[in-house]
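Let me begin by presenting the structure, written as structure tokens, before commenting on it.
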Amino acid sequence: MDDFKEVDDKELKKQNTSGQGSEERGDYEDVCFICRRPESKAGKMFKLPNNICVCNDCMHKTMETVSQFDYQGMLNNPNFQNDLDQFSKQNGFPNISFVNLADLQGDGGIPNKQKLKRKKKKAGTQPVLDIHNIPAPHKIKASLDEYVVGQEHAKKVISVAVYNHYKRVATNTMDEIEIEKSNMLMIGPTGSGKTYLVKTLARLLDVPLAIADATSLTEAGYIGDDIESVVSKLLAAAENDVEKAERGIVFIDEIDKIAKKKNTNTRDVSGESVQQGMLKLLEGAEVEVPVGANSKNAMVPLATVNTRNILFICGGAFPDLEDIIKERLTKTTSIGFNSELKDKYDKDKNILSKVTVEDIRKFGMIPEFIGRLPIIYTLEGLNKEMLVKVLKEPKNAILKQYQKLLELDEVKLEFADDALDAIAEKALKRDTGARALRSIIEEFMLDIMYEIPKDDNIGRVTITREYIEGTGGPVIDIRSNQISEPMENLKELPLQEMEEAE
């Protein structure tokens, strides 16, 4: 409703009194008096006296309700209202009466404000996507390189898949050779950058993106989000523009949480049944989705969205999938020429890269679901070198954020190389990927962010490995204009010694 503007009362009076009528009314659309939906959403309106408009749905519901209680045509009797008023006065209820439509007339009448500004269509409708304006895969990957460290294979796969998908959308070919959708399944350990990769991609392509969580999805009729709510979020991201939403990207995170439950006798309403319900979305079908809500009900308007051109990317950590892969790889005999040791793959960091469709099926995903995700690729677990790069190389790296914060206090923040190694070593022990970096930096930066604003003489702070490990303090440099020494002879003191001197 944000795209519509309420009409000024003076303009409405001008419309109602002037004879121009059709020209001025063409800029505005009617709103249903009951459900408040505009004519563009609700369809053709019924015009009632006193400028009241009612949509087709509300009119039918009203007539059905009235017909249930209209015994012997009482409501059609013109004397019925007078009889009801006399009856209410005799029984001590003088304030009960039917609403008189004449009371709604005048400047303060509600129907005078039932007009909304129409959406103006842009002149010269041009296709949003042009085959010549779609960036090539190497350009998409180069843009991803600025934000995402490592994951070369994953960035190459997603760049090619997105390029082919939007070529398919732009050409809209329905010849004898029809190009199928390139939905993707992304597998990687926690903190390896799955969600961040998709967010960056959608920002670069400037298309609507909806990020949904599969853990809240349930079968239709149960408490939780319906499966269509995934497309409903995309529609909201496209500002309720159906055409724009039909070219968007949907990223369904935690897809491994809807795997088929093992050894259970209860109904699996958030597992296998959700996978079966998502088949039509992934394949491409016209679905009715609620506008501005997570589930369908009588009070929520519905919009029809065709998912044929929507790109679905599913991602998940798939815990314990490594054990399934190891079990498959070590099925060969343990005695003889072709024997393999049981612990051969225990130290393999990139064991997920050997995943097959059979492994995912054994994890609990049904074959029909996997078949609609033809592109399956994995992300590597982050090692020490990659974590150090994550700290300092991306455009919005964590260290750059803190340097900007202290720069606002006119203090320069620097990190020694061995300090970055110490941060990466600590993050590896937590085994939560790049997410551990932020929590570690928050810990040791707390005292610095608290103490720096106390003293205006501090000009530079250098974080050392000893400070990260808790055996020393950071190096504090005093501003040169506060002391008589030249810039190259800056006084260096640990933070603890400065506090003692004060």
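Following the order of the structure tokens, first chain is A, next is B, and so on, with residues numbered from 1 inside each chain and ligands from 1 in the order they appear.
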A:His165 surroundings by only C-alpha atoms, 12 Å radius, close-in-sequence under 2 positions cut, as a PDB file with all heavy atoms, in the first residue's frame:
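The new file selection24.pdb reads:
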```pdb
ATOM      1  N   LEU A 129      15.429  -7.605 -18.451  1.00  0.00           N
ATOM      2  CA  LEU A 129      16.629  -8.374 -18.739  1.00  0.00           C
ATOM      3  C   LEU A 129      16.895  -8.381 -20.239  1.00  0.00           C
ATOM      4  O   LEU A 129      16.010  -8.706 -21.039  1.00  0.00           O
ATOM      5  CB  LEU A 129      16.476  -9.810 -18.229  1.00  0.00           C
ATOM      6  CG  LEU A 129      16.597  -9.997 -16.717  1.00  0.00           C
ATOM      7  CD1 LEU A 129      16.245 -11.416 -16.347  1.00  0.00           C
ATOM      8  CD2 LEU A 129      17.984  -9.666 -16.231  1.00  0.00           C
ATOM      9  N   ILE A 131      19.630  -9.852 -23.136  1.00  0.00           N
ATOM     10  CA  ILE A 131      20.673 -10.872 -23.299  1.00  0.00           C
ATOM     11  C   ILE A 131      22.055 -10.255 -23.437  1.00  0.00           C
ATOM     12  O   ILE A 131      23.064 -10.828 -23.026  1.00  0.00           O
ATOM     13  CB  ILE A 131      20.342 -11.769 -24.521  1.00  0.00           C
ATOM     14  CG1 ILE A 131      21.316 -12.947 -24.622  1.00  0.00           C
ATOM     15  CG2 ILE A 131      20.332 -10.962 -25.792  1.00  0.00           C
ATOM     16  CD1 ILE A 131      21.256 -13.916 -23.517  1.00  0.00           C
ATOM     17  N   ILE A 134      23.520  -8.982 -19.719  1.00  0.00           N
ATOM     18  CA  ILE A 134      23.808  -9.932 -18.641  1.00  0.00           C
ATOM     19  C   ILE A 134      25.322 -10.089 -18.530  1.00  0.00           C
ATOM     20  O   ILE A 134      25.993 -10.386 -19.528  1.00  0.00           O
ATOM     21  CB  ILE A 134      23.150 -11.292 -18.926  1.00  0.00           C
ATOM     22  CG1 ILE A 134      21.644 -11.121 -19.096  1.00  0.00           C
ATOM     23  CG2 ILE A 134      23.449 -12.281 -17.819  1.00  0.00           C
ATOM     24  CD1 ILE A 134      20.931 -12.369 -19.553  1.00  0.00           C
ATOM     25  N   ALA A 136      28.962 -11.559 -18.139  1.00  0.00           N
ATOM     26  CA  ALA A 136      29.529 -12.872 -18.448  1.00  0.00           C
ATOM     27  C   ALA A 136      29.989 -13.560 -17.163  1.00  0.00           C
ATOM     28  O   ALA A 136      30.210 -12.901 -16.144  1.00  0.00           O
ATOM     29  CB  ALA A 136      30.696 -12.708 -19.422  1.00  0.00           C
ATOM     30  N   PRO A 137      30.145 -14.894 -17.185  1.00  0.00           N
ATOM     31  CA  PRO A 137      30.538 -15.613 -15.964  1.00  0.00           C
ATOM     32  C   PRO A 137      31.837 -15.116 -15.341  1.00  0.00           C
ATOM     33  O   PRO A 137      31.936 -15.015 -14.110  1.00  0.00           O
ATOM     34  CB  PRO A 137      30.670 -17.065 -16.446  1.00  0.00           C
ATOM     35  CG  PRO A 137      29.775 -17.166 -17.620  1.00  0.00           C
ATOM     36  CD  PRO A 137      29.803 -15.821 -18.282  1.00  0.00           C
ATOM     37  N   ILE A 158      28.601 -21.242  -9.574  1.00  0.00           N
ATOM     38  CA  ILE A 158      27.435 -20.375  -9.389  1.00  0.00           C
ATOM     39  C   ILE A 158      27.398 -19.276 -10.448  1.00  0.00           C
ATOM     40  O   ILE A 158      26.319 -18.863 -10.881  1.00  0.00           O
ATOM     41  CB  ILE A 158      27.441 -19.787  -7.958  1.00  0.00           C
ATOM     42  CG1 ILE A 158      26.038 -19.290  -7.588  1.00  0.00           C
ATOM     43  CG2 ILE A 158      28.437 -18.665  -7.799  1.00  0.00           C
ATOM     44  CD1 ILE A 158      25.903 -18.903  -6.130  1.00  0.00           C
ATOM     45  N   SER A 159      28.559 -18.822 -10.921  1.00  0.00           N
ATOM     46  CA  SER A 159      28.591 -17.797 -11.967  1.00  0.00           C
ATOM     47  C   SER A 159      28.041 -18.349 -13.280  1.00  0.00           C
ATOM     48  O   SER A 159      27.236 -17.693 -13.952  1.00  0.00           O
ATOM     49  CB  SER A 159      30.020 -17.290 -12.174  1.00  0.00           C
ATOM     50  OG  SER A 159      30.542 -16.728 -10.992  1.00  0.00           O
ATOM     51  N   VAL A 160      28.465 -19.546 -13.654  1.00  0.00           N
ATOM     52  CA  VAL A 160      27.993 -20.152 -14.907  1.00  0.00           C
ATOM     53  C   VAL A 160      26.505 -20.474 -14.817  1.00  0.00           C
ATOM     54  O   VAL A 160      25.735 -20.240 -15.768  1.00  0.00           O
ATOM     55  CB  VAL A 160      28.816 -21.420 -15.225  1.00  0.00           C
ATOM     56  CG1 VAL A 160      28.214 -22.166 -16.405  1.00  0.00           C
ATOM     57  CG2 VAL A 160      30.262 -21.059 -15.510  1.00  0.00           C
ATOM     58  N   ALA A 161      26.067 -20.997 -13.668  1.00  0.00           N
ATOM     59  CA  ALA A 161      24.657 -21.373 -13.517  1.00  0.00           C
ATOM     60  C   ALA A 161      23.744 -20.152 -13.589  1.00  0.00           C
ATOM     61  O   ALA A 161      22.701 -20.186 -14.243  1.00  0.00           O
ATOM     62  CB  ALA A 161      24.467 -22.109 -12.192  1.00  0.00           C
ATOM     63  N   VAL A 162      24.136 -19.078 -12.934  1.00  0.00           N
ATOM     64  CA  VAL A 162      23.320 -17.863 -12.959  1.00  0.00           C
ATOM     65  C   VAL A 162      23.300 -17.253 -14.360  1.00  0.00           C
ATOM     66  O   VAL A 162      22.261 -16.789 -14.846  1.00  0.00           O
ATOM     67  CB  VAL A 162      23.849 -16.853 -11.919  1.00  0.00           C
ATOM     68  CG1 VAL A 162      23.224 -15.484 -12.121  1.00  0.00           C
ATOM     69  CG2 VAL A 162      23.558 -17.344 -10.517  1.00  0.00           C
ATOM     70  N   TYR A 163      24.442 -17.265 -15.037  1.00  0.00           N
ATOM     71  CA  TYR A 163      24.513 -16.718 -16.398  1.00  0.00           C
ATOM     72  C   TYR A 163      23.592 -17.493 -17.338  1.00  0.00           C
ATOM     73  O   TYR A 163      22.821 -16.905 -18.110  1.00  0.00           O
ATOM     74  CB  TYR A 163      25.959 -16.772 -16.887  1.00  0.00           C
ATOM     75  CG  TYR A 163      26.162 -16.249 -18.289  1.00  0.00           C
ATOM     76  CD1 TYR A 163      25.955 -14.907 -18.584  1.00  0.00           C
ATOM     77  CD2 TYR A 163      26.566 -17.099 -19.318  1.00  0.00           C
ATOM     78  CE1 TYR A 163      26.135 -14.418 -19.877  1.00  0.00           C
ATOM     79  CE2 TYR A 163      26.748 -16.620 -20.608  1.00  0.00           C
ATOM     80  CZ  TYR A 163      26.535 -15.286 -20.880  1.00  0.00           C
ATOM     81  OH  TYR A 163      26.712 -14.808 -22.150  1.00  0.00           O
ATOM     82  N   LYS A 167      20.109 -16.103 -19.165  1.00  0.00           N
ATOM     83  CA  LYS A 167      19.989 -16.193 -20.625  1.00  0.00           C
ATOM     84  C   LYS A 167      18.668 -16.850 -20.991  1.00  0.00           C
ATOM     85  O   LYS A 167      17.972 -16.435 -21.915  1.00  0.00           O
ATOM     86  CB  LYS A 167      21.159 -17.006 -21.203  1.00  0.00           C
ATOM     87  CG  LYS A 167      22.416 -16.206 -21.467  1.00  0.00           C
ATOM     88  CD  LYS A 167      23.355 -16.909 -22.412  1.00  0.00           C
ATOM     89  CE  LYS A 167      23.822 -18.235 -21.857  1.00  0.00           C
ATOM     90  NZ  LYS A 167      24.857 -18.847 -22.720  1.00  0.00           N
ATOM     91  N   ARG A 168      18.316 -17.884 -20.235  1.00  0.00           N
ATOM     92  CA  ARG A 168      17.050 -18.587 -20.459  1.00  0.00           C
ATOM     93  C   ARG A 168      15.857 -17.669 -20.198  1.00  0.00           C
ATOM     94  O   ARG A 168      14.881 -17.664 -20.951  1.00  0.00           O
ATOM     95  CB  ARG A 168      17.011 -19.803 -19.533  1.00  0.00           C
ATOM     96  CG  ARG A 168      15.697 -20.521 -19.462  1.00  0.00           C
ATOM     97  CD  ARG A 168      15.824 -21.691 -18.473  1.00  0.00           C
ATOM     98  NE  ARG A 168      14.562 -22.388 -18.321  1.00  0.00           N
ATOM     99  CZ  ARG A 168      13.623 -22.044 -17.458  1.00  0.00           C
ATOM    100  NH1 ARG A 168      13.799 -20.995 -16.674  1.00  0.00           N
ATOM    101  NH2 ARG A 168      12.505 -22.736 -17.371  1.00  0.00           N
ATOM    102  N   VAL A 169      15.946 -16.861 -19.127  1.00  0.00           N
ATOM    103  CA  VAL A 169      14.849 -15.951 -18.807  1.00  0.00           C
ATOM    104  C   VAL A 169      14.740 -14.851 -19.850  1.00  0.00           C
ATOM    105  O   VAL A 169      13.630 -14.473 -20.270  1.00  0.00           O
ATOM    106  CB  VAL A 169      15.054 -15.351 -17.399  1.00  0.00           C
ATOM    107  CG1 VAL A 169      14.017 -14.281 -17.109  1.00  0.00           C
ATOM    108  CG2 VAL A 169      14.992 -16.444 -16.344  1.00  0.00           C
ATOM    109  N   ALA A 170      15.872 -14.314 -20.296  1.00  0.00           N
ATOM    110  CA  ALA A 170      15.856 -13.185 -21.238  1.00  0.00           C
ATOM    111  C   ALA A 170      15.333 -13.592 -22.601  1.00  0.00           C
ATOM    112  O   ALA A 170      14.567 -12.857 -23.231  1.00  0.00           O
ATOM    113  CB  ALA A 170      17.258 -12.597 -21.357  1.00  0.00           C
ATOM    114  N   THR A 171      15.721 -14.765 -23.072  1.00  0.00           N
ATOM    115  CA  THR A 171      15.267 -15.199 -24.399  1.00  0.00           C
ATOM    116  C   THR A 171      13.860 -15.750 -24.353  1.00  0.00           C
ATOM    117  O   THR A 171      13.114 -15.656 -25.330  1.00  0.00           O
ATOM    118  CB  THR A 171      16.214 -16.276 -24.955  1.00  0.00           C
ATOM    119  OG1 THR A 171      16.315 -17.347 -23.999  1.00  0.00           O
ATOM    120  CG2 THR A 171      17.586 -15.695 -25.205  1.00  0.00           C
ATOM    121  N   ASN A 172      13.479 -16.361 -23.195  1.00  0.00           N
ATOM    122  CA  ASN A 172      12.134 -16.932 -23.019  1.00  0.00           C
ATOM    123  C   ASN A 172      11.811 -17.880 -24.167  1.00  0.00           C
ATOM    124  O   ASN A 172      10.720 -17.846 -24.755  1.00  0.00           O
ATOM    125  CB  ASN A 172      11.081 -15.822 -22.935  1.00  0.00           C
ATOM    126  CG  ASN A 172       9.774 -16.338 -22.359  1.00  0.00           C
ATOM    127  OD1 ASN A 172       9.748 -17.395 -21.717  1.00  0.00           O
ATOM    128  ND2 ASN A 172       8.695 -15.620 -22.604  1.00  0.00           N
ATOM    129  N   THR A 173      12.771 -18.718 -24.494  1.00  0.00           N
ATOM    130  CA  THR A 173      12.625 -19.604 -25.641  1.00  0.00           C
ATOM    131  C   THR A 173      11.637 -20.722 -25.347  1.00  0.00           C
ATOM    132  O   THR A 173      11.677 -21.337 -24.296  1.00  0.00           O
ATOM    133  CB  THR A 173      13.997 -20.188 -26.037  1.00  0.00           C
ATOM    134  OG1 THR A 173      13.804 -21.118 -27.101  1.00  0.00           O
ATOM    135  CG2 THR A 173      14.651 -20.929 -24.882  1.00  0.00           C
ATOM    136  N   ILE A 179      15.209 -24.885 -22.723  1.00  0.00           N
ATOM    137  CA  ILE A 179      16.271 -24.924 -21.715  1.00  0.00           C
ATOM    138  C   ILE A 179      15.640 -25.096 -20.334  1.00  0.00           C
ATOM    139  O   ILE A 179      14.721 -24.368 -19.971  1.00  0.00           O
ATOM    140  CB  ILE A 179      17.115 -23.633 -21.764  1.00  0.00           C
ATOM    141  CG1 ILE A 179      17.624 -23.398 -23.180  1.00  0.00           C
ATOM    142  CG2 ILE A 179      18.280 -23.722 -20.783  1.00  0.00           C
ATOM    143  CD1 ILE A 179      18.278 -22.048 -23.373  1.00  0.00           C
ATOM    144  N   GLU A 180      16.142 -26.050 -19.568  1.00  0.00           N
ATOM    145  CA  GLU A 180      15.596 -26.299 -18.233  1.00  0.00           C
ATOM    146  C   GLU A 180      16.279 -25.410 -17.203  1.00  0.00           C
ATOM    147  O   GLU A 180      17.354 -24.842 -17.448  1.00  0.00           O
ATOM    148  CB  GLU A 180      15.767 -27.770 -17.862  1.00  0.00           C
ATOM    149  CG  GLU A 180      14.913 -28.706 -18.716  1.00  0.00           C
ATOM    150  CD  GLU A 180      14.957 -30.128 -18.197  1.00  0.00           C
ATOM    151  OE1 GLU A 180      15.693 -30.368 -17.211  1.00  0.00           O
ATOM    152  OE2 GLU A 180      14.274 -30.986 -18.773  1.00  0.00           O
ATOM    153  N   LYS A 181      15.643 -25.341 -16.047  1.00  0.00           N
ATOM    154  CA  LYS A 181      16.174 -24.501 -14.968  1.00  0.00           C
ATOM    155  C   LYS A 181      17.431 -25.125 -14.376  1.00  0.00           C
ATOM    156  O   LYS A 181      17.587 -26.339 -14.328  1.00  0.00           O
ATOM    157  CB  LYS A 181      15.131 -24.340 -13.854  1.00  0.00           C
ATOM    158  CG  LYS A 181      14.172 -23.218 -14.091  1.00  0.00           C
ATOM    159  CD  LYS A 181      13.621 -22.654 -12.813  1.00  0.00           C
ATOM    160  CE  LYS A 181      12.857 -23.673 -12.001  1.00  0.00           C
ATOM    161  NZ  LYS A 181      12.255 -23.025 -10.818  1.00  0.00           N
ATOM    162  N   SER A 182      18.311 -24.266 -13.870  1.00  0.00           N
ATOM    163  CA  SER A 182      19.567 -24.730 -13.277  1.00  0.00           C
ATOM    164  C   SER A 182      19.551 -24.470 -11.776  1.00  0.00           C
ATOM    165  O   SER A 182      20.324 -23.657 -11.254  1.00  0.00           O
ATOM    166  CB  SER A 182      20.761 -24.032 -13.932  1.00  0.00           C
ATOM    167  OG  SER A 182      20.583 -22.629 -13.922  1.00  0.00           O
ATOM    168  N   ASN A 183      18.613 -25.114 -11.075  1.00  0.00           N
ATOM    169  CA  ASN A 183      18.587 -24.996  -9.613  1.00  0.00           C
ATOM    170  C   ASN A 183      19.840 -25.614  -9.015  1.00  0.00           C
ATOM    171  O   ASN A 183      20.411 -26.558  -9.571  1.00  0.00           O
ATOM    172  CB  ASN A 183      17.339 -25.684  -9.052  1.00  0.00           C
ATOM    173  CG  ASN A 183      16.058 -25.015  -9.496  1.00  0.00           C
ATOM    174  OD1 ASN A 183      16.019 -23.808  -9.693  1.00  0.00           O
ATOM    175  ND2 ASN A 183      15.008 -25.793  -9.678  1.00  0.00           N
ATOM    176  N   MET A 184      20.251 -25.100  -7.857  1.00  0.00           N
ATOM    177  CA  MET A 184      21.538 -25.507  -7.275  1.00  0.00           C
ATOM    178  C   MET A 184      21.371 -26.028  -5.864  1.00  0.00           C
ATOM    179  O   MET A 184      20.489 -25.580  -5.121  1.00  0.00           O
ATOM    180  CB  MET A 184      22.502 -24.313  -7.253  1.00  0.00           C
ATOM    181  CG  MET A 184      22.996 -23.902  -8.615  1.00  0.00           C
ATOM    182  SD  MET A 184      24.029 -22.426  -8.523  1.00  0.00           S
ATOM    183  CE  MET A 184      22.812 -21.161  -8.789  1.00  0.00           C
ATOM    184  N   ARG A 247      11.373 -13.268 -11.762  1.00  0.00           N
ATOM    185  CA  ARG A 247      12.756 -13.320 -12.250  1.00  0.00           C
ATOM    186  C   ARG A 247      13.753 -13.314 -11.100  1.00  0.00           C
ATOM    187  O   ARG A 247      14.937 -13.059 -11.318  1.00  0.00           O
ATOM    188  CB  ARG A 247      13.036 -12.137 -13.180  1.00  0.00           C
ATOM    189  CG  ARG A 247      12.268 -12.156 -14.470  1.00  0.00           C
ATOM    190  CD  ARG A 247      12.733 -11.041 -15.374  1.00  0.00           C
ATOM    191  NE  ARG A 247      12.375  -9.729 -14.823  1.00  0.00           N
ATOM    192  CZ  ARG A 247      11.268  -9.070 -15.142  1.00  0.00           C
ATOM    193  NH1 ARG A 247      10.419  -9.601 -15.995  1.00  0.00           N
ATOM    194  NH2 ARG A 247      11.007  -7.904 -14.618  1.00  0.00           N
ATOM    195  N   GLY A 248      13.298 -13.560  -9.892  1.00  0.00           N
ATOM    196  CA  GLY A 248      14.152 -13.425  -8.718  1.00  0.00           C
ATOM    197  C   GLY A 248      14.894 -14.705  -8.359  1.00  0.00           C
ATOM    198  O   GLY A 248      14.880 -15.710  -9.080  1.00  0.00           O
ATOM    199  N   ILE A 249      15.560 -14.636  -7.212  1.00  0.00           N
ATOM    200  CA  ILE A 249      16.344 -15.758  -6.683  1.00  0.00           C
ATOM    201  C   ILE A 249      15.819 -16.084  -5.292  1.00  0.00           C
ATOM    202  O   ILE A 249      15.596 -15.180  -4.480  1.00  0.00           O
ATOM    203  CB  ILE A 249      17.844 -15.414  -6.610  1.00  0.00           C
ATOM    204  CG1 ILE A 249      18.409 -15.128  -8.002  1.00  0.00           C
ATOM    205  CG2 ILE A 249      18.640 -16.545  -5.960  1.00  0.00           C
ATOM    206  CD1 ILE A 249      19.855 -14.677  -7.995  1.00  0.00           C
ATOM    207  N   ARG A 308       8.387 -20.747 -12.838  1.00  0.00           N
ATOM    208  CA  ARG A 308       9.173 -21.347 -13.921  1.00  0.00           C
ATOM    209  C   ARG A 308      10.523 -20.657 -14.099  1.00  0.00           C
ATOM    210  O   ARG A 308      11.520 -21.296 -14.430  1.00  0.00           O
ATOM    211  CB  ARG A 308       8.365 -21.268 -15.222  1.00  0.00           C
ATOM    212  CG  ARG A 308       9.070 -21.825 -16.438  1.00  0.00           C
ATOM    213  CD  ARG A 308       8.162 -21.778 -17.664  1.00  0.00           C
ATOM    214  NE  ARG A 308       8.913 -22.087 -18.861  1.00  0.00           N
ATOM    215  CZ  ARG A 308       9.534 -21.198 -19.603  1.00  0.00           C
ATOM    216  NH1 ARG A 308       9.495 -19.921 -19.264  1.00  0.00           N
ATOM    217  NH2 ARG A 308      10.193 -21.547 -20.694  1.00  0.00           N
ATOM    218  N   ASN A 309      10.564 -19.329 -13.881  1.00  0.00           N
ATOM    219  CA  ASN A 309      11.802 -18.581 -14.106  1.00  0.00           C
ATOM    220  C   ASN A 309      12.471 -18.136 -12.806  1.00  0.00           C
ATOM    221  O   ASN A 309      13.351 -17.284 -12.832  1.00  0.00           O
ATOM    222  CB  ASN A 309      11.530 -17.353 -14.981  1.00  0.00           C
ATOM    223  CG  ASN A 309      11.189 -17.738 -16.411  1.00  0.00           C
ATOM    224  OD1 ASN A 309      11.633 -18.781 -16.898  1.00  0.00           O
ATOM    225  ND2 ASN A 309      10.382 -16.930 -17.074  1.00  0.00           N
ATOM    226  N   ILE A 310      12.031 -18.678 -11.686  1.00  0.00           N
ATOM    227  CA  ILE A 310      12.658 -18.345 -10.406  1.00  0.00           C
ATOM    228  C   ILE A 310      13.797 -19.317 -10.151  1.00  0.00           C
ATOM    229  O   ILE A 310      13.615 -20.530 -10.239  1.00  0.00           O
ATOM    230  CB  ILE A 310      11.632 -18.399  -9.261  1.00  0.00           C
ATOM    231  CG1 ILE A 310      10.541 -17.343  -9.466  1.00  0.00           C
ATOM    232  CG2 ILE A 310      12.298 -18.185  -7.912  1.00  0.00           C
ATOM    233  CD1 ILE A 310       9.436 -17.378  -8.431  1.00  0.00           C
ATOM    234  N   LEU A 311      14.960 -18.784  -9.836  1.00  0.00           N
ATOM    235  CA  LEU A 311      16.137 -19.621  -9.578  1.00  0.00           C
ATOM    236  C   LEU A 311      16.160 -19.997  -8.099  1.00  0.00           C
ATOM    237  O   LEU A 311      16.180 -19.127  -7.226  1.00  0.00           O
ATOM    238  CB  LEU A 311      17.417 -18.864  -9.951  1.00  0.00           C
ATOM    239  CG  LEU A 311      18.730 -19.611  -9.715  1.00  0.00           C
ATOM    240  CD1 LEU A 311      18.806 -20.863 -10.578  1.00  0.00           C
ATOM    241  CD2 LEU A 311      19.928 -18.715  -9.996  1.00  0.00           C
ATOM    242  N   PHE A 312      16.161 -21.295  -7.819  1.00  0.00           N
ATOM    243  CA  PHE A 312      16.195 -21.783  -6.444  1.00  0.00           C
ATOM    244  C   PHE A 312      17.605 -22.278  -6.129  1.00  0.00           C
ATOM    245  O   PHE A 312      18.170 -23.092  -6.860  1.00  0.00           O
ATOM    246  CB  PHE A 312      15.192 -22.928  -6.250  1.00  0.00           C
ATOM    247  CG  PHE A 312      13.762 -22.475  -6.203  1.00  0.00           C
ATOM    248  CD1 PHE A 312      13.007 -22.363  -7.364  1.00  0.00           C
ATOM    249  CD2 PHE A 312      13.168 -22.145  -4.995  1.00  0.00           C
ATOM    250  CE1 PHE A 312      11.695 -21.940  -7.324  1.00  0.00           C
ATOM    251  CE2 PHE A 312      11.857 -21.712  -4.941  1.00  0.00           C
ATOM    252  CZ  PHE A 312      11.124 -21.613  -6.104  1.00  0.00           C
ATOM    253  N   ILE A 313      18.146 -21.752  -5.027  1.00  0.00           N
ATOM    254  CA  ILE A 313      19.445 -22.202  -4.529  1.00  0.00           C
ATOM    255  C   ILE A 313      19.226 -22.741  -3.121  1.00  0.00           C
ATOM    256  O   ILE A 313      18.744 -22.017  -2.247  1.00  0.00           O
ATOM    257  CB  ILE A 313      20.477 -21.057  -4.512  1.00  0.00           C
ATOM    258  CG1 ILE A 313      20.609 -20.429  -5.897  1.00  0.00           C
ATOM    259  CG2 ILE A 313      21.831 -21.558  -4.026  1.00  0.00           C
ATOM    260  CD1 ILE A 313      21.519 -19.215  -5.948  1.00  0.00           C
TER     261      ILE A 313
END
```
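In this model, the gap between atom CA of A:Gln401 and atom CA of A:Glu469 comes to 22.0 Å.
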Surrounding residues of A:Val287 excluding itself and chain neighbours under 6 positions, 9 Å, only C-alpha atoms, as a PyMOL selection string: chain A and resi 228+231+280-281+303-307
Residue list (strand (DSSP E or B), DSSP) for stretch 243-321 of chain A, as a list in words: Ile249, Val250, Phe251, Ile252, Asp253, Glu286, Val287, Glu288, Val289, Pro290, Leu302, Ala303, Thr304, Val305, Asn306, Leu311, Phe312, Ile313, Cys314, Gly315 and Gly316 of chain A
Can I get the selection written as a CSV table (one decimal), in the first residue's frame, with C-alpha atoms?
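Result written to again-v3.csv:
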```csv
chain,number,residue,atom,x,y,z
A,249,ILE,CA,16.3,-15.8,-6.7
A,250,VAL,CA,15.2,-17.8,-3.7
A,251,PHE,CA,17.8,-19.1,-1.3
A,252,ILE,CA,16.5,-21.8,1.1
A,253,ASP,CA,19.0,-22.2,3.9
A,286,GLU,CA,1.7,-21.5,-11.0
A,287,VAL,CA,1.1,-21.2,-7.2
A,288,GLU,CA,-1.2,-19.0,-5.3
A,289,VAL,CA,0.8,-17.3,-2.5
A,290,PRO,CA,-0.4,-15.1,0.3
A,302,LEU,CA,-3.6,-14.2,-2.8
A,303,ALA,CA,-1.4,-13.6,-5.8
A,304,THR,CA,-0.6,-16.1,-8.6
A,305,VAL,CA,3.2,-16.5,-9.2
A,306,ASN,CA,4.7,-18.7,-11.9
A,311,LEU,CA,16.1,-19.6,-9.6
A,312,PHE,CA,16.2,-21.8,-6.4
A,313,ILE,CA,19.4,-22.2,-4.5
A,314,CYS,CA,19.4,-24.6,-1.6
A,315,GLY,CA,22.2,-24.7,1.0
A,316,GLY,CA,23.0,-26.7,4.0
```
Residue with smallest distance to A:Ile52 - pool A:Cys32, A:Leu234, A:Ile375, A:Ile448, counting only C-alpha atoms: A:Cys32
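The smallest atom-to-atom distance between A:Ile441 and any of A:Leu399, A:Tyr377, A:Pro38, A:Leu201, using only C-alpha atoms, is found for A:Leu399.
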Distance query stretch 419-430 of chain A at most 12 Å, only C-alpha atoms, self and fewer than 2 positions along chain excluded, as a ChimeraX atom specification: /A:190-191,381-392,398-399,414-417,432-444,462-470,472-474
